[in-house]
Amino acid sequence: MLERIADRHGHRFDFDERLVGGAAIDATGQPLPADTVAACRDSHAVLLGAVGGPKWSDPGAAVRPEQGLLALRAVLGVFANLRPVRVIDELRAASPIRADLLDGVDLIVVRELTGGIYFGDKHRDADSATDVCTYQVHEIERILHVAARLARSRRGRLCSVDKANVLETSRLWRETTDRLIATEYPDITLETLLVDAAAMHLLSRPADFDVIVTENMFGDILTDEASMLAGSLGLLPSASLGDSKRGLYEPIHGSAPDIAGRGTANPTATIMSVAMLLRHSLSLDEEALAIESAVRTAITKGARTADIATDGETALSTDQFTEAVLAEL
Ligand code: IPM
Ligand code: MG
């Protein structure tokens, strides 16, 4: 995809491939080797293949592939994870949600990515386990700024999701949100929802949402749910950004070990992540739009992978689907 973009638009991209996750554990014993970190730090952008798999999932394992991904997010300081959700009309049938509810769905989840329960102290002994959830005010403020600026550039609506009726971190999240939006973004319409209610509203009135901002774990859970609006987990891309233009780009899905090696995975989430990479890290907006429209056109013309094929539509392999998108480029 990037090579095609380079040819067509007169760019040159330098690629450097490094190991992370299970492949890195196999080769080095570490899920995130030092040379991978160095290469990522040295790059304008990082495109990540999903990590994880049964080979490395033993609960007693000392190292796990996911640790490599979390460490990479932390060392790159990419605290803001953008997960856009759009419905392509031709794919309505692929969604389990009633088609009339999908009209005008165009939302983006801004997930806090380097704090919360993912990164707190963990403790385990024979009959108890602990995961600590901590948020600092500055961590909440900086993700709110990203979300509020984004809302300003879109439909001006921000929905903050927390569990302030139970969790202390959520009470801090809500206080900080109410204060910051009232003082610095009075033009924005703020709605706050508890996460359990948000999970329901996301399905009962998905088109009402514009920008949703939430903490790390709630964002993880709600975006898998939101992918069902689009029709498949294999459709949603993401961009993870920090204070600089350097970003980490990855599909929101995992490595789908259940279909590994069959050549049937949907490459859309990764291809759309490449578009986000061009836009956010390389400021190549026209090129990003070219990829997004190629994907849409290929799908409009009938290209489907197995996860989004309905009513007897023929499913293409991962490679064939990619060729169909390349043909539109
Ligand atoms: C995601 C994934 C990861 C996460 C896993 C693989 C650690 O589910 O990016 O949503 O939980 O953040
Ligand atoms: Mg997830």
# chains A, B, ... in the order shown; residues from 1 in each chain; ligands from 1
$ residues_around --residues "A:Tyr185" --least-positions-apart "6" --cutoff "10 Å" --atoms "only C-alpha atoms" --output "list in words"
His145, Ala148, Arg149, Ala151, Arg152, Gly156 and Arg179 of chain A
$ residues_near_ligand --ligand "ligand 2" --cutoff "7 Å" --atoms "only C-alpha atoms and all ligand atoms" --output "PyMOL selection string"
chain A and resi 220-221+224+252-253
$ residues_near_ligand --ligand "ligand 1" --cutoff "8 Å" --atoms "only C-alpha atoms and all ligand atoms" --output "PyMOL selection string"
chain A and resi 50-52+66-67+69-70+113+216-217+219-221+223-224+250-254
$ closest_atom_pairs --of "stretch 18-112 of chain A" --to "stretch 226-243 of chain A" --cutoff "10 Å" --atoms "only C-alpha atoms" --output "JSON lines"
{"residue": "A:Ala45", "atom": "CA", "partner": "A:Leu241", "partner_atom": "CA", "distance": 9.9}
{"residue": "A:Val46", "atom": "CA", "partner": "A:Ser240", "partner_atom": "CA", "distance": 9.7}
{"residue": "A:Leu47", "atom": "CA", "partner": "A:Ala239", "partner_atom": "CA", "distance": 9.4}
{"residue": "A:Arg73", "atom": "CA", "partner": "A:Ser240", "partner_atom": "CA", "distance": 7.9}
{"residue": "A:Ala74", "atom": "CA", "partner": "A:Gly242", "partner_atom": "CA", "distance": 10.0}
{"residue": "A:Leu76", "atom": "CA", "partner": "A:Gly242", "partner_atom": "CA", "distance": 7.5}
{"residue": "A:Gly77", "atom": "CA", "partner": "A:Gly242", "partner_atom": "CA", "distance": 5.5}
{"residue": "A:Val78", "atom": "CA", "partner": "A:Gly242", "partner_atom": "CA", "distance": 4.1}
{"residue": "A:Phe79", "atom": "CA", "partner": "A:Gly242", "partner_atom": "CA", "distance": 5.5}
{"residue": "A:Ala80", "atom": "CA", "partner": "A:Leu241", "partner_atom": "CA", "distance": 5.1}
{"residue": "A:Asn81", "atom": "CA", "partner": "A:Ser240", "partner_atom": "CA", "distance": 4.2}
{"residue": "A:Leu82", "atom": "CA", "partner": "A:Ala239", "partner_atom": "CA", "distance": 5.2}
{"residue": "A:Arg83", "atom": "CA", "partner": "A:Ser238", "partner_atom": "CA", "distance": 4.8}
{"residue": "A:Pro84", "atom": "CA", "partner": "A:Leu236", "partner_atom": "CA", "distance": 7.0}
{"residue": "A:Val85", "atom": "CA", "partner": "A:Ala230", "partner_atom": "CA", "distance": 6.6}
{"residue": "A:Arg86", "atom": "CA", "partner": "A:Ala230", "partner_atom": "CA", "distance": 6.0}
{"residue": "A:Val87", "atom": "CA", "partner": "A:Ala230", "partner_atom": "CA", "distance": 4.7}
{"residue": "A:Ile88", "atom": "CA", "partner": "A:Ala230", "partner_atom": "CA", "distance": 7.0}
{"residue": "A:Asp89", "atom": "CA", "partner": "A:Ala230", "partner_atom": "CA", "distance": 9.3}
{"residue": "A:Leu91", "atom": "CA", "partner": "A:Gly231", "partner_atom": "CA", "distance": 6.5}
{"residue": "A:Arg92", "atom": "CA", "partner": "A:Gly231", "partner_atom": "CA", "distance": 6.9}
{"residue": "A:Ala93", "atom": "CA", "partner": "A:Gly231", "partner_atom": "CA", "distance": 7.8}
{"residue": "A:Ala94", "atom": "CA", "partner": "A:Gly231", "partner_atom": "CA", "distance": 4.8}
{"residue": "A:Ser95", "atom": "CA", "partner": "A:Gly231", "partner_atom": "CA", "distance": 4.0}
{"residue": "A:Pro96", "atom": "CA", "partner": "A:Met228", "partner_atom": "CA", "distance": 6.8}
{"residue": "A:Ile97", "atom": "CA", "partner": "A:Leu229", "partner_atom": "CA", "distance": 6.5}
{"residue": "A:Arg98", "atom": "CA", "partner": "A:Leu229", "partner_atom": "CA", "distance": 9.4}
{"residue": "A:Ala99", "atom": "CA", "partner": "A:Leu229", "partner_atom": "CA", "distance": 9.4}
{"residue": "A:Leu101", "atom": "CA", "partner": "A:Leu229", "partner_atom": "CA", "distance": 9.2}
{"residue": "A:Leu102", "atom": "CA", "partner": "A:Leu229", "partner_atom": "CA", "distance": 6.9}
{"residue": "A:Val105", "atom": "CA", "partner": "A:Leu229", "partner_atom": "CA", "distance": 8.0}
{"residue": "A:Asp106", "atom": "CA", "partner": "A:Ala230", "partner_atom": "CA", "distance": 9.7}
{"residue": "A:Leu107", "atom": "CA", "partner": "A:Ala226", "partner_atom": "CA", "distance": 9.3}
{"residue": "A:Ile108", "atom": "CA", "partner": "A:Ala226", "partner_atom": "CA", "distance": 9.7}
{"residue": "A:Val109", "atom": "CA", "partner": "A:Ala226", "partner_atom": "CA", "distance": 9.1}
{"residue": "A:Val110", "atom": "CA", "partner": "A:Ser240", "partner_atom": "CA", "distance": 9.4}
{"residue": "A:Arg111", "atom": "CA", "partner": "A:Ser240", "partner_atom": "CA", "distance": 9.0}
{"residue": "A:Glu112", "atom": "CA", "partner": "A:Ser240", "partner_atom": "CA", "distance": 9.4}
$ residues_around --residues "A:Thr318" --least-positions-apart "3" --cutoff "10 Å" --atoms "only C-alpha atoms" --output "number ranges by chain"
A: 262-268, 304-306, 315, 321-324
$ select_by_dssp --residues "stretch 44-273 of chain A" --states "alpha helix (DSSP H)" --output "MDAnalysis selection string"
chainID A and resid 65:76 137:153 168:184 195:204 216:230 268:273
$ residues_around --residues "stretch 129-131 of chain A" --least-positions-apart "2" --cutoff "12 Å" --atoms "only C-alpha atoms" --output "ChimeraX atom specification"
/A:116-127,133-134
$ write_last_selection --atoms "N, CA, C and O atoms" --output "PDB file, in the first residue's frame"
ATOM      1  N   GLY A 116      -3.869   4.098  33.875  1.00  0.00           N
ATOM      2  CA  GLY A 116      -4.953   3.264  34.391  1.00  0.00           C
ATOM      3  C   GLY A 116      -4.504   1.866  34.783  1.00  0.00           C
ATOM      4  O   GLY A 116      -3.329   1.603  35.023  1.00  0.00           O
ATOM      5  N   ILE A 117      -5.476   0.977  34.828  1.00  0.00           N
ATOM      6  CA  ILE A 117      -5.249  -0.366  35.367  1.00  0.00           C
ATOM      7  C   ILE A 117      -4.258  -1.183  34.540  1.00  0.00           C
ATOM      8  O   ILE A 117      -3.626  -2.118  35.048  1.00  0.00           O
ATOM      9  N   TYR A 118      -4.084  -0.821  33.273  1.00  0.00           N
ATOM     10  CA  TYR A 118      -3.104  -1.527  32.439  1.00  0.00           C
ATOM     11  C   TYR A 118      -1.685  -1.372  32.971  1.00  0.00           C
ATOM     12  O   TYR A 118      -0.847  -2.232  32.772  1.00  0.00           O
ATOM     13  N   PHE A 119      -1.427  -0.212  33.586  1.00  0.00           N
ATOM     14  CA  PHE A 119      -0.042   0.097  33.936  1.00  0.00           C
ATOM     15  C   PHE A 119       0.205   0.197  35.439  1.00  0.00           C
ATOM     16  O   PHE A 119       1.307   0.480  35.855  1.00  0.00           O
ATOM     17  N   GLY A 120      -0.847  -0.045  36.267  1.00  0.00           N
ATOM     18  CA  GLY A 120      -0.656   0.025  37.715  1.00  0.00           C
ATOM     19  C   GLY A 120       0.080  -1.201  38.248  1.00  0.00           C
ATOM     20  O   GLY A 120       0.270  -2.186  37.532  1.00  0.00           O
ATOM     21  N   ASP A 121       0.465  -1.125  39.526  1.00  0.00           N
ATOM     22  CA  ASP A 121       1.141  -2.274  40.140  1.00  0.00           C
ATOM     23  C   ASP A 121       0.265  -3.507  40.051  1.00  0.00           C
ATOM     24  O   ASP A 121      -0.958  -3.424  40.180  1.00  0.00           O
ATOM     25  N   LYS A 122       0.906  -4.634  39.834  1.00  0.00           N
ATOM     26  CA  LYS A 122       0.189  -5.911  39.790  1.00  0.00           C
ATOM     27  C   LYS A 122       0.805  -6.821  40.832  1.00  0.00           C
ATOM     28  O   LYS A 122       2.009  -6.802  41.050  1.00  0.00           O
ATOM     29  N   HIS A 123      -0.060  -7.589  41.458  1.00  0.00           N
ATOM     30  CA  HIS A 123       0.472  -8.503  42.466  1.00  0.00           C
ATOM     31  C   HIS A 123      -0.316  -9.795  42.440  1.00  0.00           C
ATOM     32  O   HIS A 123      -1.534  -9.789  42.254  1.00  0.00           O
ATOM     33  N   ARG A 124       0.379 -10.898  42.622  1.00  0.00           N
ATOM     34  CA  ARG A 124      -0.292 -12.180  42.569  1.00  0.00           C
ATOM     35  C   ARG A 124       0.328 -13.110  43.594  1.00  0.00           C
ATOM     36  O   ARG A 124       1.550 -13.188  43.708  1.00  0.00           O
ATOM     37  N   ASP A 125      -0.503 -13.752  44.410  1.00  0.00           N
ATOM     38  CA  ASP A 125      -0.009 -14.913  45.157  1.00  0.00           C
ATOM     39  C   ASP A 125      -1.019 -16.025  44.998  1.00  0.00           C
ATOM     40  O   ASP A 125      -1.932 -15.919  44.183  1.00  0.00           O
ATOM     41  N   ALA A 126      -0.859 -17.094  45.758  1.00  0.00           N
ATOM     42  CA  ALA A 126      -1.640 -18.303  45.474  1.00  0.00           C
ATOM     43  C   ALA A 126      -3.139 -18.048  45.451  1.00  0.00           C
ATOM     44  O   ALA A 126      -3.840 -18.530  44.570  1.00  0.00           O
ATOM     45  N   ASP A 127      -3.650 -17.268  46.419  1.00  0.00           N
ATOM     46  CA  ASP A 127      -5.099 -17.114  46.434  1.00  0.00           C
ATOM     47  C   ASP A 127      -5.595 -15.681  46.421  1.00  0.00           C
ATOM     48  O   ASP A 127      -6.705 -15.378  46.836  1.00  0.00           O
ATOM     49  N   CYS A 133      -5.369   0.619  39.779  1.00  0.00           N
ATOM     50  CA  CYS A 133      -5.753   1.611  38.776  1.00  0.00           C
ATOM     51  C   CYS A 133      -5.473   3.010  39.320  1.00  0.00           C
ATOM     52  O   CYS A 133      -6.040   3.403  40.336  1.00  0.00           O
ATOM     53  N   THR A 134      -4.573   3.727  38.651  1.00  0.00           N
ATOM     54  CA  THR A 134      -4.224   5.084  39.086  1.00  0.00           C
ATOM     55  C   THR A 134      -4.330   6.043  37.909  1.00  0.00           C
ATOM     56  O   THR A 134      -3.940   5.686  36.797  1.00  0.00           O
TER      57      THR A 134
END
$ residues_around --residues "A:Asp16" --least-positions-apart "6" --cutoff "9 Å" --atoms "only C-alpha atoms" --output "MDAnalysis selection string"
chainID A and resid 39:40 43
$ write_last_selection --atoms "N, CA and C atoms" --output "compact mmCIF listing (two decimals), in the first residue's frame"
# COMPACT_ATOMS: atom_id res chain seq x y z
N ALA A 39 14.77 1.32 16.95
CA ALA A 39 14.30 1.56 15.58
C ALA A 39 12.99 2.35 15.58
N CYS A 40 12.10 2.03 16.53
CA CYS A 40 10.82 2.76 16.60
C CYS A 40 11.05 4.22 16.97
N SER A 43 12.11 6.34 14.07
CA SER A 43 11.23 6.39 12.90
C SER A 43 10.20 7.51 13.06
$ residues_around --residues "A:Ala164" --least-positions-apart "2" --cutoff "10 Å" --atoms "only C-alpha atoms" --output "ChimeraX atom specification"
/A:161-162,166-175,192-195
$ closest_residue --among "A:Phe15, A:Asp35, A:Ala309, A:Ile181" --to "A:Leu158" --atoms "only C-alpha atoms"
A:Ile181
$ closest_residue --among "A:Leu19, A:Leu289, A:Ala147, A:Met1" --to "A:Asp319" --atoms "only C-alpha atoms"
A:Met1
$ atom_distance --atom1 "atom CA of A:Gly29" --atom2 "atom CA of A:Lys55"
13.5 Å
$ residues_around --residues "A:Leu180" --least-positions-apart "4" --cutoff "8 Å" --atoms "only C-alpha atoms" --output "list in words"
Glu141, Leu144, Thr176, Glu184 and Tyr185 of chain A
$ closest_residue --among "A:Ala327, A:Gly53, A:Met272, A:Tyr135" --to "A:Ala260" --atoms "only C-alpha atoms"
A:Gly53
